[in-house]
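Data block for final-v4.cif (mmCIF, C-alpha atoms):
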data_data
#
loop_
_atom_site.label_atom_id
_atom_site.label_comp_id
_atom_site.auth_asym_id
_atom_site.auth_seq_id
_atom_site.Cartn_x
_atom_site.Cartn_y
_atom_site.Cartn_z
CA MET B 155 4.48 3.24 -0.11
CA ASP B 156 5.85 2.41 3.34
CA THR B 157 5.84 -1.28 4.29
CA ARG B 158 3.72 -0.63 7.38
CA LEU B 159 0.84 0.95 5.49
CA ARG B 160 1.18 -1.52 2.64
CA ASN B 161 0.82 -4.44 5.06
CA LEU B 162 -2.17 -2.79 6.68
CA LEU B 163 -3.92 -2.32 3.34
CA HIS B 164 -3.04 -5.88 2.34
CA ASP B 165 -4.87 -7.04 5.45
CA LEU B 166 -7.89 -5.03 4.39
CA ALA B 167 -7.72 -6.27 0.83
CA LYS B 168 -7.94 -9.87 1.99
CA GLU B 169 -11.38 -9.04 3.33
CA MET B 170 -12.63 -7.62 0.01
CA PRO B 171 -14.51 -10.09 -2.23
CA VAL B 172 -13.01 -9.03 -5.56
CA ASP B 173 -14.21 -11.08 -8.53
CA VAL B 174 -11.10 -10.97 -10.72
CA GLU B 175 -12.79 -12.95 -13.50
CA GLY B 176 -15.96 -10.87 -13.58
CA SER B 177 -16.33 -8.76 -16.70
CA ALA B 178 -19.19 -6.38 -15.86
CA PRO B 179 -17.96 -3.20 -14.20
CA ARG B 180 -19.56 -2.30 -10.93
CA THR B 181 -21.46 0.96 -10.84
CA LEU B 182 -20.71 3.86 -8.56
CA ARG B 183 -23.99 5.75 -8.66
CA LYS B 184 -25.94 8.49 -6.90
CA ALA B 185 -28.64 7.27 -4.50
CA ARG B 186 -30.46 9.39 -1.92
CA GLY B 187 -27.76 12.02 -2.28
CA ARG B 188 -24.94 9.55 -1.50
CA ARG B 189 -22.34 7.82 -3.61
CA ILE B 190 -22.45 4.06 -3.09
CA LEU B 191 -20.44 1.11 -4.32
CA THR B 192 -22.04 -2.31 -4.36
CA ALA B 193 -24.39 -4.29 -2.19
CA GLY B 194 -22.52 -6.09 0.54
CA ALA B 195 -19.54 -3.74 0.53
CA GLY B 196 -20.70 -2.19 3.80
CA VAL B 197 -20.21 -5.53 5.53
CA VAL B 198 -16.73 -5.74 4.04
CA VAL B 199 -15.76 -2.34 5.41
CA ALA B 200 -17.18 -3.17 8.84
CA VAL B 201 -14.95 -6.25 8.94
CA ALA B 202 -12.06 -4.14 7.60
CA PHE B 203 -12.30 -1.77 10.56
CA VAL B 204 -11.67 -4.70 12.88
CA VAL B 205 -8.63 -5.70 10.85
CA VAL B 206 -7.38 -2.10 10.84
CA SER B 207 -7.64 -1.77 14.61
CA VAL B 208 -5.46 -4.86 15.05
CA SER B 209 -2.93 -3.87 12.37
CA LEU B 210 -2.46 -0.38 13.76
CA PHE B 211 -0.90 -1.72 16.95
CA ARG B 212 1.88 -3.10 14.78
CA PHE B 213 2.28 0.30 13.11
CA ALA B 214 2.45 2.15 16.41
CA ASP B 215 5.03 -0.22 17.85
CA ASP B 216 7.34 -0.18 14.82
CA PRO B 217 10.76 1.46 15.20
CA THR B 218 10.82 5.10 14.22
CA THR B 219 13.44 4.51 11.52
CA PRO B 220 11.64 4.66 8.17
CA VAL B 221 11.36 1.40 6.27
CA VAL B 222 12.76 1.61 2.74
CA SER B 223 11.96 -1.80 1.32
CA GLY B 224 9.07 -2.44 -1.06
CA PRO B 225 8.04 -1.19 -4.50
CA ASN B 226 8.40 2.50 -3.62
CA PRO B 227 11.35 2.94 -1.23
CA GLN B 228 11.43 6.28 0.58
CA PRO B 229 14.18 8.45 -0.94
CA ALA B 230 16.90 9.29 1.56
CA GLY B 231 16.27 12.39 3.60
CA PHE B 232 13.17 13.99 5.06
CA GLU B 233 10.35 11.52 5.73
CA GLY B 234 7.38 13.86 5.35
CA LEU B 235 5.22 13.72 2.22
CA TRP B 236 2.79 16.53 3.10
CA PRO B 237 2.38 19.41 3.88
CA GLU B 238 6.13 20.00 4.33
CA THR B 239 8.68 18.07 2.30
CA ASP B 240 11.88 19.34 3.91
CA ALA B 241 13.17 20.28 7.34
CA GLY B 242 13.32 23.99 6.52
CA ALA B 243 9.63 24.18 5.63
CA LEU B 244 8.82 22.17 8.76
CA ALA B 245 10.67 24.70 10.93
CA VAL B 246 8.79 27.62 9.34
CA THR B 247 5.42 25.98 10.01
CA GLN B 248 6.40 25.07 13.57
CA ALA B 249 7.31 28.71 14.18
CA ALA B 250 3.89 29.78 12.87
CA VAL B 251 2.16 27.27 15.15
CA ASP B 252 4.21 28.51 18.10
CA GLU B 253 2.82 31.98 17.36
CA GLY B 254 -0.74 30.63 17.61
CA HIS B 255 -1.47 30.00 13.92
CA GLN B 256 -2.68 26.79 12.20
CA PRO B 257 -3.92 25.04 15.36
CA LEU B 258 -5.13 22.00 13.39
CA ARG B 259 -1.52 21.04 12.71
CA THR B 260 -0.95 20.18 16.39
CA THR B 261 -3.32 17.18 16.19
CA SER B 262 -3.05 14.13 13.99
CA ASP B 263 -6.74 14.15 13.04
CA GLY B 264 -6.59 17.89 12.31
CA THR B 265 -3.69 17.41 9.90
CA ALA B 266 -5.46 14.44 8.27
CA THR B 267 -8.57 16.59 7.83
CA LEU B 268 -6.49 19.25 6.07
CA LEU B 269 -5.18 16.53 3.73
CA ALA B 270 -8.76 15.55 2.85
CA VAL B 271 -9.79 19.12 2.11
CA ASP B 272 -6.64 20.56 0.51
CA LEU B 273 -5.46 17.58 -1.56
CA LEU B 274 -8.45 15.28 -2.05
CA GLY B 275 -10.92 18.08 -2.71
CA TRP B 276 -13.42 17.03 -0.05
CA GLU B 277 -15.83 19.55 1.43
CA ASN B 278 -14.78 20.28 5.00
CA ASN B 279 -18.22 19.60 6.48
CA ASN B 280 -18.21 16.12 4.89
CA VAL B 281 -14.90 15.02 6.40
CA ARG B 282 -14.87 12.61 9.34
CA ALA B 283 -11.47 11.87 10.86
CA GLU B 284 -11.02 9.05 13.36
CA VAL B 285 -7.78 8.52 15.26
CA SER B 286 -7.27 4.76 15.30
CA GLN B 287 -3.92 4.74 17.07
CA GLU B 288 -1.65 7.42 18.48
CA ARG B 289 1.46 6.68 20.48
CA SER B 290 4.32 9.05 21.14
CA ASP B 291 5.17 10.74 17.84
CA LYS B 292 3.25 8.35 15.52
CA ALA B 293 -0.41 8.08 14.63
CA VAL B 294 -2.81 6.50 12.17
CA VAL B 295 -6.01 8.34 11.24
CA LEU B 296 -8.90 7.07 9.10
CA ILE B 297 -10.58 9.79 7.02
CA ARG B 298 -13.99 9.36 5.44
CA ASN B 299 -16.14 11.52 3.23
CA GLU B 300 -19.63 11.20 4.67
CA SER B 301 -21.22 12.15 1.35
CA PHE B 302 -19.81 8.93 -0.14
CA GLY B 303 -21.67 6.74 2.33
CA ASP B 304 -20.25 3.99 4.51
CA ASP B 305 -19.56 1.67 1.58
CA VAL B 306 -16.55 3.63 0.32
CA PRO B 307 -13.49 2.51 2.30
CA PRO B 308 -11.62 5.13 4.34
CA VAL B 309 -8.28 6.62 3.42
CA VAL B 310 -5.69 5.43 5.95
CA VAL B 311 -3.27 8.24 6.85
CA GLY B 312 0.01 7.61 8.68
CA LEU B 313 1.44 10.64 10.48
CA ARG B 314 4.58 11.51 12.44
CA GLN B 315 5.84 14.41 14.50
CA LEU B 316 9.11 14.92 12.66
CA GLY B 317 10.40 17.84 14.69
CA VAL B 318 8.99 19.07 17.99
CA THR B 319 7.06 16.30 19.76
CA GLY B 320 4.29 16.53 22.31
CA PRO B 321 1.17 18.76 22.41
CA SER B 322 2.81 21.71 20.64
CA GLY B 323 4.51 19.72 17.88
CA ILE B 324 3.09 19.66 14.36
CA TRP B 325 2.10 16.45 12.58
CA SER B 326 3.22 15.50 9.07
CA VAL B 327 1.74 12.94 6.69
CA VAL B 328 4.29 10.22 5.95
CA GLU B 329 1.99 7.76 4.14
CA ALA B 330 -1.59 7.44 2.91
CA GLY B 331 -3.71 5.05 0.88
CA ASN B 332 -6.99 3.17 0.66
CA LEU B 333 -8.41 0.01 -0.88
CA LEU B 334 -9.55 1.54 -4.19
CA ILE B 335 -5.90 1.81 -5.35
CA ASP B 336 -3.72 -1.26 -4.84
CA PRO B 337 -1.02 -0.66 -2.18
CA GLU B 338 1.50 -2.40 -4.50
CA THR B 339 1.27 0.52 -6.95
CA HIS B 340 4.74 1.26 -8.30
CA ALA B 341 6.17 4.62 -9.40
CA GLY B 342 9.55 4.20 -11.07
CA ALA B 343 11.82 7.05 -12.14
CA THR B 344 12.73 7.50 -15.81
CA ALA B 345 14.92 10.05 -17.57
CA GLY B 346 12.05 12.53 -17.90
CA GLY B 347 9.67 11.57 -15.15
CA LEU B 348 7.82 8.52 -13.80
CA VAL B 349 6.20 5.31 -14.92
CA VAL B 350 3.22 4.55 -12.71
CA SER B 351 1.78 1.05 -12.69
CA GLY B 352 -0.66 -0.86 -10.53
CA ARG B 353 -4.22 -2.10 -10.37
CA VAL B 354 -7.62 -1.33 -8.90
CA PRO B 355 -9.86 -3.98 -7.31
CA ASP B 356 -12.74 -3.20 -9.65
CA LEU B 357 -14.12 -0.71 -12.18
CA TYR B 358 -16.66 1.95 -11.22
CA GLU B 359 -18.64 4.09 -13.63
CA GLY B 360 -18.53 7.07 -11.27
CA ALA B 361 -14.73 7.05 -11.02
CA PRO B 362 -13.42 5.91 -14.41
CA ALA B 363 -9.84 7.18 -14.25
CA ILE B 364 -6.65 7.42 -12.24
CA GLU B 365 -5.10 10.88 -11.93
CA ALA B 366 -1.46 11.40 -11.00
CA HIS B 367 -0.29 14.67 -9.47
CA VAL B 368 3.41 15.29 -8.78
CA PHE B 369 4.08 18.21 -6.45
CA ASP B 370 6.48 19.46 -3.80
CA GLY B 371 4.81 21.55 -1.13
CA VAL B 372 1.49 22.36 0.52
CA GLY B 373 -0.68 22.34 -2.61
CA LEU B 374 -0.86 20.65 -5.99
CA GLU B 375 0.11 23.95 -7.59
CA PRO B 376 2.65 24.71 -8.85
CA SER B 377 2.48 21.29 -10.47
CA LEU B 378 5.62 19.32 -11.27
CA GLY B 379 3.69 16.87 -13.41
CA PHE B 380 0.17 15.61 -14.13
CA ALA B 381 -1.39 12.75 -16.09
CA ARG B 382 -4.83 11.14 -16.32
CA TYR B 383 -5.30 7.50 -17.25
CA GLU B 384 -8.72 6.23 -18.34
CA LEU B 385 -9.30 2.76 -16.91
CA THR B 386 -10.38 0.10 -19.39
CA ASP B 387 -9.55 -2.84 -17.14
CA ARG B 388 -8.30 -3.33 -13.59
CA THR B 389 -4.66 -2.45 -14.41
CA PHE B 390 -2.95 0.83 -15.22
CA ASP B 391 0.48 1.63 -16.61
CA PHE B 392 1.29 5.15 -17.79
CA GLU B 393 3.98 7.82 -17.85
CA VAL B 394 4.07 11.19 -16.14
CA GLN B 395 6.43 13.89 -17.36
CA VAL B 396 8.01 15.54 -14.30
CA GLU B 397 9.82 18.85 -13.87
CA PRO B 398 13.21 18.75 -12.11
CA THR B 399 13.58 19.61 -8.44
CA ALA B 400 16.62 20.84 -6.56
CA ASP B 401 16.79 17.81 -4.24
CA GLY B 402 15.57 15.17 -6.70
CA ARG B 403 12.46 14.22 -4.74
CA ALA B 404 8.75 15.04 -4.69
CA THR B 405 5.38 13.59 -3.72
CA LEU B 406 3.06 11.66 -6.02
CA LEU B 407 -0.67 11.79 -5.29
CA LEU B 408 -2.82 9.20 -7.07
CA THR B 409 -6.56 9.83 -6.99
CA MET B 410 -9.79 8.38 -8.39
CA PRO B 411 -11.93 11.53 -8.77
CA ASP B 412 -15.70 11.32 -9.09
CA ALA B 413 -17.90 13.54 -11.25
CA VAL B 414 -17.52 16.55 -8.92
CA GLY B 415 -13.76 16.19 -8.46
CA GLU B 416 -13.73 14.60 -5.01
CA SER B 417 -11.36 11.67 -4.81
CA LEU B 418 -12.78 8.29 -3.78
CA GLY B 419 -9.43 6.51 -3.75
CA ALA B 420 -6.06 7.99 -2.89
CA ALA B 421 -2.41 7.10 -2.40
CA LEU B 422 0.60 9.27 -1.49
CA ILE B 423 4.00 8.05 -2.63
CA ALA B 424 7.49 9.53 -2.27
CA VAL B 425 9.13 9.64 -5.72
CA GLU B 426 12.42 10.59 -7.30
CA THR B 427 12.54 13.39 -9.87
CA PRO B 428 15.12 14.70 -12.31
CA VAL B 429 17.58 16.96 -10.50
CA GLY B 430 17.94 20.55 -11.61
CA ALA B 431 17.21 24.13 -10.76
CA GLY B 432 13.75 24.04 -12.32
CA GLU B 433 11.69 27.15 -12.92
CA PRO B 434 11.90 29.73 -10.13
CA GLU B 435 8.77 29.48 -8.03
CA GLN B 436 6.76 32.57 -7.24
CA THR B 437 6.11 32.87 -3.52
CA VAL B 438 5.16 35.39 -0.86
CA ASN B 439 7.63 38.27 -0.57
CA VAL B 440 8.42 38.91 3.11
CA GLU B 441 11.87 40.40 2.65
CA GLY B 442 12.50 42.96 5.40
CA VAL B 443 9.10 42.32 7.00
CA PRO B 444 8.77 41.96 10.83
CA PRO B 445 8.59 38.29 11.92
CA ASP B 446 5.00 38.32 13.23
CA VAL B 447 3.83 40.06 10.07
CA ALA B 448 5.75 37.58 7.89
CA VAL B 449 4.09 34.55 9.52
CA THR B 450 0.62 35.95 8.82
CA ALA B 451 1.52 36.96 5.27
CA GLU B 452 2.77 33.43 4.55
CA GLY B 453 -0.42 31.92 5.96
CA ILE B 454 -2.66 34.23 3.92
CA TYR B 455 -0.63 33.51 0.80
CA ASP B 456 -0.79 29.73 1.22
CA ALA B 457 -4.54 29.75 1.88
CA ALA B 458 -5.30 32.13 -0.98
CA LYS B 459 -3.11 30.26 -3.46
CA SER B 460 -4.83 26.96 -2.62
CA GLY B 461 -8.28 28.57 -2.85
CA ASP B 462 -9.01 27.93 0.83
CA VAL B 463 -11.47 30.73 1.64
CA GLU B 464 -12.29 29.31 5.08
CA GLY B 465 -8.59 29.01 5.85
CA LEU B 466 -8.28 32.80 5.63
CA ARG B 467 -10.65 33.27 8.56
CA GLU B 468 -8.00 32.48 11.20
CA PHE B 469 -5.88 35.47 10.19
CA LEU B 470 -8.50 38.21 10.67
CA ASP B 471 -10.93 39.56 13.26
CA PRO B 472 -14.22 40.53 11.58
CA ASN B 473 -14.76 43.17 14.27
CA THR B 474 -11.70 45.11 13.15
CA PHE B 475 -11.14 43.95 9.55
CA ALA B 476 -11.82 46.35 6.69
CA TYR B 477 -12.71 44.99 3.27
CA ASN B 478 -12.87 47.67 0.58
CA LEU B 479 -13.16 50.35 3.28
CA ASP B 480 -16.06 48.58 5.04
CA ASP B 481 -14.76 48.62 8.63
CA GLY B 482 -15.74 45.83 11.01
CA SER B 483 -16.90 43.44 8.31
CA ASP B 484 -16.69 39.69 7.77
CA PRO B 485 -15.41 39.28 4.19
CA ILE B 486 -15.59 35.47 4.08
CA PRO B 487 -19.14 35.23 2.60
CA ALA B 488 -18.22 37.68 -0.17
CA TRP B 489 -14.99 35.82 -0.93
CA ARG B 490 -16.82 32.51 -0.93
CA GLN B 491 -19.21 33.94 -3.53
CA ASP B 492 -16.35 35.36 -5.61
CA PRO B 493 -13.14 33.41 -4.88
CA SER B 494 -11.34 35.15 -7.75
CA VAL B 495 -10.50 37.84 -5.18
CA LEU B 496 -7.98 35.38 -3.73
CA ASP B 497 -5.94 35.64 -6.93
CA LEU B 498 -5.43 39.34 -6.22
CA MET B 499 -4.19 38.54 -2.71
CA VAL B 500 -1.63 36.14 -4.16
CA ALA B 501 -0.45 38.63 -6.78
CA VAL B 502 -0.10 41.45 -4.24
CA LEU B 503 1.80 39.33 -1.71
CA GLU B 504 4.30 38.19 -4.36
CA LEU B 505 5.49 41.80 -4.60
CA PRO B 506 7.63 43.52 -1.95
CA ALA B 507 5.89 45.31 0.90
CA ALA B 508 6.15 49.00 1.66
CA ALA B 509 8.09 50.06 4.75
CA PRO B 510 6.03 49.74 7.97
CA ARG B 511 4.10 52.89 8.81
CA VAL B 512 2.22 54.17 11.84
CA ILE B 513 -1.50 54.69 11.25
CA GLU B 514 -2.73 57.02 13.97
CA GLY B 515 -5.24 55.32 16.22
CA TYR B 516 -4.60 51.86 14.68
CA GLY B 517 -0.95 50.98 15.16
CA THR B 518 1.93 50.10 12.85
CA PHE B 519 0.93 48.54 9.53
CA THR B 520 2.95 46.73 6.88
CA ILE B 521 1.21 47.18 3.53
CA TRP B 522 1.58 45.28 0.25
CA PRO B 523 2.52 46.19 -2.42
CA TYR B 524 5.36 48.70 -2.20
CA LEU B 525 3.76 50.48 -5.17
CA ILE B 526 1.67 52.56 -2.76
CA ASP B 527 4.85 54.61 -2.24
CA SER B 528 5.89 54.79 -5.90
CA ASP B 529 6.22 58.09 -7.73
CA PHE B 530 3.94 57.61 -10.72
CA GLU B 531 5.48 60.61 -12.43
CA ALA B 532 8.79 58.71 -12.59
CA LEU B 533 7.97 54.99 -12.67
CA THR B 534 10.90 52.62 -13.13
CA GLU B 535 10.85 49.65 -15.50
CA ARG B 536 10.58 47.34 -12.47
CA GLU B 537 7.54 49.22 -11.17
CA ARG B 538 5.85 49.09 -14.58
CA ALA B 539 6.54 45.35 -14.80
CA ASP B 540 5.08 44.81 -11.33
CA LEU B 541 1.99 46.82 -12.26
CA ALA B 542 1.66 44.62 -15.34
CA SER B 543 1.85 41.53 -13.10
CA LEU B 544 -1.27 42.85 -11.35
CA GLY B 545 -3.06 43.05 -14.69
CA TYR B 546 -2.62 46.75 -15.47
CA THR B 547 -2.07 47.83 -19.07
CA GLU B 548 -0.06 50.86 -20.12
CA GLY B 549 -3.39 52.62 -20.57
CA ASP B 550 -4.41 51.80 -17.01
CA ILE B 551 -1.08 53.07 -15.70
CA GLN B 552 -1.48 56.30 -17.63
CA LEU B 553 -4.90 56.83 -16.04
CA MET B 554 -3.28 56.55 -12.59
CA ILE B 555 -0.62 59.05 -13.64
CA ASP B 556 -3.23 61.47 -14.99
CA GLY B 557 -5.36 61.09 -11.86
CA GLY B 558 -2.51 62.32 -9.70
CA HIS B 559 -3.29 60.00 -6.79
CA GLY B 560 -0.62 57.37 -7.40
CA TYR B 561 -1.27 53.67 -7.03
CA GLN B 562 -4.97 52.79 -7.17
CA GLY B 563 -4.75 48.99 -7.15
CA PRO B 564 -5.29 46.20 -4.62
CA ARG B 565 -3.50 46.37 -1.28
CA LEU B 566 -3.28 44.32 1.90
CA ALA B 567 -2.27 45.42 5.42
CA ILE B 568 -1.11 43.49 8.51
CA ASP B 569 -0.42 45.16 11.85
CA GLU B 570 2.62 44.70 14.06
CA THR B 571 0.94 41.94 16.11
CA GLY B 572 0.41 39.81 13.00
CA LEU B 573 -3.32 40.57 12.71
CA TRP B 574 -4.63 41.01 9.18
CA ARG B 575 -6.30 44.43 9.15
CA ASN B 576 -7.55 45.11 5.64
CA PHE B 577 -7.72 44.14 2.00
CA MET B 578 -8.81 46.45 -0.77
CA THR B 579 -9.33 45.49 -4.39
CA VAL B 580 -9.33 49.11 -5.58
CA GLY B 581 -7.63 52.33 -4.60
CA GLU B 582 -8.61 54.64 -1.81
#
Please lay out the structure from this file as structure tokens.
Amino acid sequence: MDTRLRNLLHDLAKEMPVDVEGSAPRTLRKARGRRILTAGAGVVVAVAFVVVSVSLFRFADDPTTPVVSGPNPQPAGFEGLWPETDAGALAVTQAAVDEGHQPLRTTSDGTATLLAVDLLGWENNNVRAEVSQERSDKAVVLIRNESFGDDVPPVVVGLRQLGVTGPSGIWSVVEAGNLLIDPETHAGATAGGLVVSGRVPDLYEGAPAIEAHVFDGVGLEPSLGFARYELTDRTFDFEVQVEPTADGRATLLLTMPDAVGESLGAALIAVETPVGAGEPEQTVNVEGVPPDVAVTAEGIYDAAKSGDVEGLREFLDPNTFAYNLDDGSDPIPAWRQDPSVLDLMVAVLELPAAAPRVIEGYGTFTIWPYLIDSDFEALTERERADLASLGYTEGDIQLMIDGGHGYQGPRLAIDETGLWRNFMTVGE
């Protein structure tokens, strides 16, 4: 963890009355629909906000060169921990933002809110983000989950504009943590992964474990490593097996999930990984696709793969969108009720697209998958394998052949302007 954030959290920790000798665990319990810690903690957090506001001036005035001292020095290279972990990914996202997509990324509190929802598992309508300091290309944002109540300390998120600066530049998370996980937590590299050690200020019945997620990208999946450690005292020390990465670096997210999977405590740490090719990662296939179409396809893919139903809304116009041939429909409620549909979107977009085609009266569409143009009387081994990847058995494929209408599976279309026009789960 960066020295700046660690110092800030140390300042907060000094205000917390932690009884190190006490033996009875505190209880994190439900009360009036809220999660609460202990009596008196609200006063502590109120005082902590004063300390934070003073400490943040130091953060904002620090030199822009990343600090590498401390228990978890930042590996050399790109400073961002989330959502992008390399300059190439940053450039792709900036291009998408320049085209009018992902507007939340152009504000520090918007990016911090996405962190709360996408990584910490918080419900969007429960997230409160407060910009404590923002100067030039640096900012600190406090994020709270209002369902936890005011007694749960905020997660402090440090952000930077690592590429384009100013109103159109995107923000990246470069550090994050809160008081429920000690800022001195250490993650040391071993031959096969990491050894994670640290402490918590107290034990809580509603959050009895530390979970470690190692990942390299927008979401926790595909995972590079995961471990869960059940807390029996205020210290933790455990190993996480980690898959190799091409550049030898990744991001470690430590969480303290409650009974419904929302994390009360959190810390983001840059870590070293074994170096290697790793398993090839499945991703959206935009080979040969027009640039505006590709940006939208990538956005749909990322939202669908992370299960972000609401995130799909920005790519479609319900007045013109067709879901299963229902023209002018808003599909979000149906997808919210049955999010398994998102898996089909992911599977379809991992296959190549068909060549763009003009649909009279509608414009030029790029449609996934290419199988809509396949000759089912002479399927290749590749085509059969791709049909299998969509869940079709040989019997299913034979039914399509016998029906004489070709591909009858899910498909997705985007027009030449980058507007998502339809998604069908079955054939025409």
Report as a ChimeraX atom specification the full result of the PyMOL selection byres ((chain B and resi 351) around 9) when it is applied to this structure. /B:338-342,349-350,352-353,389-393
Take the residues just selected and output them with C-alpha atoms as a short mmCIF file (atom, residue, chain, number, x, y, z; two decimals), keeping the file's coordinate frame.
data_model
loop_
_atom_site.label_atom_id
_atom_site.label_comp_id
_atom_site.auth_asym_id
_atom_site.auth_seq_id
_atom_site.Cartn_x
_atom_site.Cartn_y
_atom_site.Cartn_z
CA GLU B 338 1.50 -2.40 -4.50
CA THR B 339 1.27 0.52 -6.95
CA HIS B 340 4.74 1.26 -8.30
CA ALA B 341 6.17 4.62 -9.40
CA GLY B 342 9.55 4.20 -11.07
CA VAL B 349 6.20 5.31 -14.92
CA VAL B 350 3.22 4.55 -12.71
CA GLY B 352 -0.66 -0.86 -10.53
CA ARG B 353 -4.22 -2.10 -10.37
CA THR B 389 -4.66 -2.45 -14.41
CA PHE B 390 -2.95 0.83 -15.22
CA ASP B 391 0.48 1.63 -16.61
CA PHE B 392 1.29 5.15 -17.79
CA GLU B 393 3.98 7.82 -17.85
#
Could you write out as a PyMOL selection string the residues that the PyMOL selection byres ((chain B and resi 462) around 12) matches in the shown file? chain B and resi 268+271-273+275-278+372-373+453-461+463-468+486+489-490+493-497
What would the selection look like, as a PyMOL selection string, if the PyMOL selection byres ((chain B and resi 449) around 12) were run on the coordinates I just shared? chain B and resi 245-256+438-441+443-448+450-456+469+568-574
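When the distance limit is 8 Å and only C-alpha atoms are what count, the residues near Asp291 (chain B), minus those fewer than 5 positions from it on the same chain, are Arg314, Gln315, Leu316, Thr319 and Gly320 of chain B.
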Can you tell me which residues surround Ala345 (chain B) at a distance of at most 12 Å, considering only C-alpha atoms, apart from same-chain residues fewer than 5 positions away, and format the answer as a VMD selection string? chain B and resid 393 to 398 426 to 429
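For the choices B:Leu422, B:Gly231, B:Ala363, B:Gly402, the atom-to-atom distance to Val311 (chain B) is smallest for B:Leu422 when using all atoms listed in the file.
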Please provide the set of residues having any atom within 6 Å of Val425 (chain B), restricted to only C-alpha atoms, with same-chain residues fewer than 3 positions apart removed, written as a ChimeraX atom specification. /B:403-405
Keeping C-alpha atoms, export the residues of the selection given above as a CSV table (one decimal), in the frame of the given file.
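Written output follows (again.csv):
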chain,number,residue,atom,x,y,z
B,403,ARG,CA,12.5,14.2,-4.7
B,404,ALA,CA,8.8,15.0,-4.7
B,405,THR,CA,5.4,13.6,-3.7
For a test of reading the model, state the distance in Å between CA of Trp236 (chain B) and CA of Ile423 (chain B), rounded to one decimal. 10.3 Å
